[in-house]
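For reference, the structure is listed below as structure tokens.
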2 protein chains.
Amino acid sequence: MKKKSIKDIAQDLGLSKTTVSFVLNNKGDEKNISKKTQKKILDYVREVDYQPNQIAKSLKKGKTNTIGYLVPDISNPFFAKIGRLLEDHFWEKGYHLLIGSTDENKDKETQVLNMFVNRQVDALIVASCFIQSDAIKSLLSQDFPLVFFDREDPEIEANYILVENKISMKNAVESAIDSKSQKLGLISLTPDVYSLKNRIEGYKMALENNKIDFDKELIRIVDNNNLKKGTEKELKFLIESGVDTVVFTNNQIAVIAIWLMNTYYKDKVNAIKFVSFDNVDLFDYSMPKVISVAQPIEKIAMHTTDIIEEILRSKKSENKRIELTPKLIERK
Amino acid sequence: MKKKSIKDIAQDLGLSKTTVSFVLNNKGDEKNISKKTQKKILDYVREVDYQPNQIAKSLKKGKTNTIGYLVPDISNPFFAKIGRLLEDHFWEKGYHLLIGSTDENKDKETQVLNMFVNRQVDALIVASCFIQSDAIKSLLSQDFPLVFFDREDPEIEANYILVENKISMKNAVESAIDSKSQKLGLISLTPDVYSLKNRIEGYKMALENNKIDFDKELIRIVDNNNLKKGTEKELKFLIESGVDTVVFTNNQIAVIAIWLMNTYYKDKVNAIKFVSFDNVDLFDYSMPKVISVAQPIEKIAMHTTDIIEEILRSKKSENKRIELTPKLIERK
DNA sequence: TTGAAAGCGCTAACAA
DNA sequence: TTGTTAGCGCTTTCAA
């Protein structure tokens with residue numbers, strides 16, 4: 001049995017498409033369709049299990065009820081959890097999530113972005129690696145509903161949901177510093193996004209506040225394309241340099257480093273402290289001890305949905321920049 | 001500047017929609033469009049940054065190049081990682097992933113499923129809680145491209161990507177049993193899916209093989225809607241019953257239990273062994289020690305994509321049932 | 001070598 | 001109270 005369209009229904013029932021369409025969209029009363037006709041349609045529709053074609057509806061209405069969620073990696077717990085919260089929230093409102101992972105790759109980001117737009121997503125939620133791209137600028141100039149989170153480019157006016165990167169990192173690092181912890185190294189992904197830059201600034205600030213000399217050599221950068229190998233190399237360097245504390249600017253490299261420590265430097269596991277931005281469950285149980293900065297995931301999701309809904313409702317937006325305060329988690 | 005459609009392009013250039021469409025779809029040569037015209041179109045399209053409307057294309061072609069990915073919870077690392085692999089793979093082929101989390105809720109599953117179908121997804125990848133639902137039966141009877149993974153219903157003929165639940169669980173439990181580990185409890189989600197049933201069977205089989213009496217009381221079921229509270233209650237019961245080993249049928253409850261142990265039963269952490277289906281990074285570092293069964297995530301994703309592609313290509317499918325072998329991870 | 005026109009399934013203004 | 005019709009943006013057959 002082939003799938004019925006609204007036309008089939010109308011024909012089968014000897015009615016017009018209009019009438020059927022009105023009833024199916026709960027406009028029966030408003031449009032003065034007789035109760036009898038309404039019932040006839042509704043019953044028949046149930047009987048043949050009619051399923052409206054949303055694509056046709058979308059084309060007609062210019063609205064797809066989908067939202068693009070573009071992140072570096074959907075399997076990163078931080079993005080997965082936020083994704084889940086967004087999904088739940090938007091599901092309530094009749095929206096679906098189209099997901100795309102970019103691996104921090106500019107080309108892929110642009111491609112996915114374009115595909116999302118071609119697919120007529122109604123809004124975009126983006127943790128972008130490259131806010132200054134033409135694709136994004138063009139969207140922004142058309143007032144396309146768009147919220148950035150986790151990433152910022154101060155030169156670009158837009159909606160941003162962020163956390164206080166600098167201060168939080170400063171606090172976290174300071175809480176690690178004590179008489180036995182005076183030589184602190186840092187490992188980061190390439191800091192071509194401002195959040196990472198600011199986290200590194202926070203690290204520097206903490207050193208300064210505690211009169212610890214800043215040693216440029218102890219800031220190690222890992223290339224995005226080669227996370228495991230890169231982290232291994234830089235961790236080795238720092239350990240051989242005799243650091244007592246390693247600071248990480250995001251969870252990914254911290255998790256890799258924990259694995260490395262337990263695999264190759266088991267003997268040093270008690271002698272070294274870790275500090276990491278982003279919190280993951282693992283930190284509760286792992287060695288070395290990790291002081292971490294937990295991002296307020298629920299709040300990030302909440303503000304994001306708030307802004308998007310407002311734009312979708314009112315069709316306009318004054319750009320908002322919301323900065324949330326993460327939570328410091330110390331582990332003794 | 002309003003978005004240009006193919007009609008606008010045609011008008012601006014004094015050509016017909018047909019010609020423009022042919023060229024844009026790389027059929028210029030095939031359709032004998034002159035090089036000059038082709039170049040004119042291509043140049044103009046680039047100039048005005050024309051983006052084709054995929055919705056219109058989809059409606060016309062009856063193909064959306066989207067695939068629905070329906071799982072209990074996209075933020076569960078198991079489903080998130082598989083999701084990522086699927087996304088990468090299908091992206092190469094020009095497909096996108098629409099995601100839906102069901103929380104093991106039958107109603108939500110049906111609703112999301114229907115929405116996916118209404119949105120004309122080209123295929124579905126489902127870790128379903130309720131394979132016997134009318135919605136699924138109806139899809140199956142229409143030969144809708146559909147692959148189940150992680151879940152099975154032997155009464156329903158379909159494509160399944162599974163792992164050997166029973167044997168693997170048996171092996172894992174047996175590897176836990178020794179002179180000091182003789183009283184083994186089990187905590188599971190409601191086993192209304194076969195994979196969980198089989199894992200419980202595996203547990204029983206291990207006991208039997210080792211001549212340990214099976215005590216029905218030591219199998220504890222946690223309701224899906226109340227995971228944390230439920231796990232807390234059942235773990236307490238088992239500990240008070242004096243078990244020396246706790247077996248979990250999936251990672252979710254095991255992770256919760258690890259947290260509970262470290263929070264409320266710190267003193268017992270060294271005296272108890274955990275066995276869990278599904279592996280997560282956390283297990284490498286947590287106490288109690290966890291013996292876990294790691295699902296072959298890459299292989300699951302690979303076989304899933306293989307089957308879907310074959311169906312999409314050939315329009316037909318003899319149902320396949322692929323059972324993969326997970327890896328036992330012992331931690332001493 | 002190019003164009004006219006029908007139609008994918010739906011909505012909604014207008015007519016009856 | 002219900003129906004006719006145009007059209008959303010695209011593809012593709014058939015004609016020129």
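Note on naming: chains are A, B, ... as they come in the structure tokens, residues start from 1 per chain, ligands start from 1 in the order shown.
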
>> So that I can see what lies close to region 2-15 of chain C, please list as number ranges by chain the residues with an atom at most 9 Å from it, counting only C-alpha atoms (C1' of nucleotides) and leaving out residues fewer than 5 positions away in the same chain.
In response: A: 5-7, 18, 21-22, 52-61; B: 15-19, 33, 56, 58-62; D: 3-5, 13, 15-16

> Out of region 80-327 of chain A, which residues get strand (DSSP E) from DSSP, as an MDAnalysis selection string?
Replying inline: chainID A and resid 96:101 123:126 146:149 159:163 184:189 219:222 245:248 273:277 290:294 321:324 327

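Using only C-alpha atoms (C1' of nucleotides), the contacts of region 256-262 of chain A at a cut-off of 10 Å, with sequence neighbours closer than 4 positions omitted, comprise A:Ile187, A:Leu227, A:Lys228, A:Lys229, A:Thr231, A:Glu232, A:Glu234, A:Leu235, A:Lys236, A:Val246, A:Phe248, A:Asn251, A:Gln252, A:Lys266, A:Asp267, A:Lys268, A:Val269, A:Ile272, A:Phe274, A:Leu282, A:Phe283, A:Ser286, A:Met287, A:Pro288, A:Lys289, A:Val290, B:Asp281, B:Asp284, B:Tyr285.
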
Those same residues, written as a compact mmCIF listing (two decimals), in the first residue's frame with N, CA, C and O atoms?
```txt
# COMPACT_ATOMS: atom_id res chain seq x y z
N ILE A 187 49.46 22.70 28.83
CA ILE A 187 49.29 22.12 27.50
C ILE A 187 47.94 22.54 26.95
O ILE A 187 46.92 22.45 27.64
N LEU A 227 46.20 14.84 18.22
CA LEU A 227 46.02 15.03 19.66
C LEU A 227 46.84 14.07 20.51
O LEU A 227 47.57 14.49 21.41
N LYS A 228 46.71 12.79 20.21
CA LYS A 228 47.34 11.80 21.09
C LYS A 228 48.85 11.93 21.06
O LYS A 228 49.49 12.10 22.09
N LYS A 229 49.40 11.84 19.88
CA LYS A 229 50.86 11.94 19.73
C LYS A 229 51.36 13.26 20.31
O LYS A 229 52.36 13.30 21.02
N THR A 231 50.02 15.32 22.53
CA THR A 231 49.95 15.40 23.98
C THR A 231 51.06 14.57 24.62
O THR A 231 51.69 14.98 25.59
N GLU A 232 51.28 13.41 24.03
CA GLU A 232 52.34 12.54 24.56
C GLU A 232 53.68 13.26 24.56
O GLU A 232 54.41 13.27 25.55
N GLU A 234 54.33 16.52 24.38
CA GLU A 234 54.42 17.71 25.23
C GLU A 234 54.41 17.35 26.71
O GLU A 234 55.09 17.98 27.53
N LEU A 235 53.66 16.32 27.05
CA LEU A 235 53.64 15.89 28.45
C LEU A 235 55.04 15.39 28.85
O LEU A 235 55.55 15.71 29.92
N LYS A 236 55.63 14.65 27.93
CA LYS A 236 56.98 14.15 28.18
C LYS A 236 57.94 15.31 28.43
O LYS A 236 58.70 15.33 29.39
N VAL A 246 50.55 20.33 35.96
CA VAL A 246 50.26 20.55 34.54
C VAL A 246 48.84 21.09 34.40
O VAL A 246 47.90 20.54 34.98
N PHE A 248 45.70 22.13 31.85
CA PHE A 248 45.16 21.83 30.53
C PHE A 248 44.02 22.79 30.22
O PHE A 248 43.22 23.10 31.09
N ASN A 251 39.17 19.52 28.34
CA ASN A 251 39.10 18.17 28.88
C ASN A 251 39.79 17.12 28.01
O ASN A 251 40.41 16.19 28.50
N GLN A 252 39.69 17.31 26.70
CA GLN A 252 40.22 16.30 25.79
C GLN A 252 41.66 15.93 26.07
O GLN A 252 42.00 14.76 26.25
N LYS A 266 53.55 5.98 35.79
CA LYS A 266 52.82 5.52 36.97
C LYS A 266 53.49 5.99 38.27
O LYS A 266 52.81 6.36 39.24
N ASP A 267 54.82 6.00 38.27
CA ASP A 267 55.56 6.36 39.49
C ASP A 267 55.40 7.83 39.86
O ASP A 267 55.57 8.21 41.00
N LYS A 268 55.04 8.65 38.88
CA LYS A 268 54.95 10.10 39.14
C LYS A 268 53.52 10.55 39.45
O LYS A 268 53.27 11.73 39.69
N VAL A 269 52.62 9.58 39.40
CA VAL A 269 51.21 9.94 39.47
C VAL A 269 50.84 10.67 40.76
O VAL A 269 49.95 11.52 40.80
N ILE A 272 52.43 14.64 40.96
CA ILE A 272 52.04 15.70 40.03
C ILE A 272 50.57 16.07 40.20
O ILE A 272 49.74 15.21 40.50
N PHE A 274 47.17 17.98 38.42
CA PHE A 274 46.61 18.43 37.16
C PHE A 274 45.58 19.52 37.43
O PHE A 274 44.88 19.49 38.43
N LEU A 282 35.37 11.30 34.99
CA LEU A 282 36.65 10.64 35.19
C LEU A 282 37.50 11.30 36.27
O LEU A 282 38.15 10.64 37.07
N PHE A 283 37.48 12.62 36.29
CA PHE A 283 38.34 13.35 37.23
C PHE A 283 38.06 13.00 38.69
O PHE A 283 38.91 13.17 39.55
N SER A 286 40.31 9.71 39.11
CA SER A 286 41.59 9.44 38.45
C SER A 286 42.76 9.99 39.23
O SER A 286 42.64 10.87 40.07
N MET A 287 43.90 9.48 38.95
CA MET A 287 45.17 10.03 39.39
C MET A 287 45.88 10.48 38.13
O MET A 287 45.78 9.81 37.11
N PRO A 288 46.65 11.54 38.17
CA PRO A 288 46.83 12.47 39.29
C PRO A 288 45.52 13.16 39.68
O PRO A 288 44.57 13.15 38.91
N LYS A 289 45.53 13.75 40.84
CA LYS A 289 44.38 14.55 41.27
C LYS A 289 44.17 15.70 40.29
O LYS A 289 45.14 16.31 39.83
N VAL A 290 42.93 15.98 39.99
CA VAL A 290 42.63 17.05 39.04
C VAL A 290 41.79 18.14 39.71
O VAL A 290 40.77 17.85 40.32
N ASP B 281 35.88 5.06 29.74
CA ASP B 281 37.23 5.44 30.16
C ASP B 281 37.39 5.39 31.67
O ASP B 281 38.40 4.95 32.21
N ASP B 284 39.03 2.70 33.81
CA ASP B 284 40.48 2.52 33.88
C ASP B 284 41.06 3.06 35.18
O ASP B 284 42.17 2.70 35.57
N TYR B 285 40.35 3.96 35.80
CA TYR B 285 40.94 4.67 36.93
C TYR B 285 40.13 4.56 38.21
O TYR B 285 40.54 5.05 39.24
```

> Running DSSP on the backbone, which parts of region 45-294 of chain B land in alpha helix (DSSP H), as a count of residues only?
Replying inline: 104

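With CA of Asp153 (chain A) on one side and CA of Gln132 (chain A) on the other, the separation reads 7.6 Å.
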
>> I'd like the neighbourhood of DT1 (chain C) as a ChimeraX atom specification, where a residue qualifies if any of its atoms comes within 12 Å (using only C-alpha atoms (C1' of nucleotides)), though same-chain residues fewer than 4 positions away should be ignored.
In response: /B:15,19,28-38 /D:16

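With distances restricted to only C-alpha atoms, A:Glu87 is the closest residue to Ala301 (chain A) from A:Glu217, A:Glu87, A:Glu109, A:Glu157.
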
What are the closest atom pairs, with distances in Å to one decimal, for all residues of chain D lying within 7 Å of chain A? Consider only C-alpha atoms (C1' of nucleotides), order rows by chain and residue number, and present the result as JSON lines.
```
{"residue": "D:DT1", "atom": "C1'", "partner": "A:Ile33", "partner_atom": "CA", "distance": 6.0}
{"residue": "D:DT2", "atom": "C1'", "partner": "A:Thr19", "partner_atom": "CA", "distance": 6.8}
{"residue": "D:DG3", "atom": "C1'", "partner": "A:Ser16", "partner_atom": "CA", "distance": 6.1}
{"residue": "D:DC8", "atom": "C1'", "partner": "A:Lys60", "partner_atom": "CA", "distance": 4.4}
```

What does the file look like for those residues with N, CA and C atoms (P, O5', C5', C4', C3', O3' and C1' of nucleotides), as an mmCIF file, in the first residue's frame?
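So the final result, stored in again28.cif, reads:
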```
data_model
loop_
_atom_site.group_PDB
_atom_site.id
_atom_site.type_symbol
_atom_site.label_atom_id
_atom_site.label_comp_id
_atom_site.auth_asym_id
_atom_site.auth_seq_id
_atom_site.Cartn_x
_atom_site.Cartn_y
_atom_site.Cartn_z
ATOM 1 P P DT D 1 -21.399 25.679 9.284
ATOM 2 O "O5'" DT D 1 -20.760 25.091 7.945
ATOM 3 C "C5'" DT D 1 -21.484 24.133 7.223
ATOM 4 C "C4'" DT D 1 -20.865 24.077 5.883
ATOM 5 C "C3'" DT D 1 -19.498 23.377 5.824
ATOM 6 O "O3'" DT D 1 -19.725 22.097 5.265
ATOM 7 C "C1'" DT D 1 -19.596 25.311 4.438
ATOM 8 P P DT D 2 -18.575 21.117 4.953
ATOM 9 O "O5'" DT D 2 -17.960 21.715 3.633
ATOM 10 C "C5'" DT D 2 -18.558 21.382 2.395
ATOM 11 C "C4'" DT D 2 -17.835 22.078 1.293
ATOM 12 C "C3'" DT D 2 -16.495 21.470 0.903
ATOM 13 O "O3'" DT D 2 -16.695 20.838 -0.339
ATOM 14 C "C1'" DT D 2 -16.465 23.832 0.832
ATOM 15 P P DG D 3 -15.493 20.099 -1.070
ATOM 16 O "O5'" DG D 3 -15.071 21.205 -2.138
ATOM 17 C "C5'" DG D 3 -16.080 21.772 -2.961
ATOM 18 C "C4'" DG D 3 -15.454 22.718 -3.959
ATOM 19 C "C3'" DG D 3 -14.233 22.172 -4.691
ATOM 20 O "O3'" DG D 3 -14.329 22.588 -6.048
ATOM 21 C "C1'" DG D 3 -13.664 24.184 -3.568
ATOM 22 P P DC D 8 6.395 31.199 -5.814
ATOM 23 O "O5'" DC D 8 7.257 30.635 -4.602
ATOM 24 C "C5'" DC D 8 6.896 30.805 -3.237
ATOM 25 C "C4'" DC D 8 7.375 29.597 -2.463
ATOM 26 C "C3'" DC D 8 8.645 28.992 -3.058
ATOM 27 O "O3'" DC D 8 9.777 29.544 -2.372
ATOM 28 C "C1'" DC D 8 7.000 27.307 -2.478
#
```

>> Residues near Lys170 (chain B), anyone? I mean within 7 Å using only C-alpha atoms (C1' of nucleotides), not counting same-chain ones fewer than 5 positions away, as JSON, numbers by chain.
In response: {"B": [202, 203, 205, 206]}

Generate a file of the selected residues that holds N, CA, C and O atoms, formatted as a PDB file, in the first residue's frame.
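Result file follows (selection_9.pdb):
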```pdb
ATOM      1  N   GLY B 202      23.715 -14.632  30.889  1.00  0.00           N
ATOM      2  CA  GLY B 202      25.147 -14.891  30.952  1.00  0.00           C
ATOM      3  C   GLY B 202      25.634 -14.943  32.394  1.00  0.00           C
ATOM      4  O   GLY B 202      26.458 -15.799  32.761  1.00  0.00           O
ATOM      5  N   TYR B 203      25.119 -14.037  33.172  1.00  0.00           N
ATOM      6  CA  TYR B 203      25.464 -14.004  34.602  1.00  0.00           C
ATOM      7  C   TYR B 203      25.060 -15.319  35.267  1.00  0.00           C
ATOM      8  O   TYR B 203      25.848 -15.961  35.965  1.00  0.00           O
ATOM      9  N   MET B 205      24.580 -18.178  33.869  1.00  0.00           N
ATOM     10  CA  MET B 205      25.375 -19.272  33.334  1.00  0.00           C
ATOM     11  C   MET B 205      26.730 -19.350  34.023  1.00  0.00           C
ATOM     12  O   MET B 205      27.224 -20.443  34.333  1.00  0.00           O
ATOM     13  N   ALA B 206      27.310 -18.189  34.279  1.00  0.00           N
ATOM     14  CA  ALA B 206      28.617 -18.166  34.951  1.00  0.00           C
ATOM     15  C   ALA B 206      28.509 -18.757  36.357  1.00  0.00           C
ATOM     16  O   ALA B 206      29.372 -19.526  36.787  1.00  0.00           O
TER      17      ALA B 206
END
```

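One distance worth recording is that between CA of Ala158 (chain B) and CA of Asp143 (chain B), which is 9.5 Å.
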
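Of the residues listed (A:Asn159, A:Asn209, A:Gln11, A:Thr102), A:Asn159 shows the shortest atom-to-atom separation from Thr305 (chain A); distances use only C-alpha atoms.
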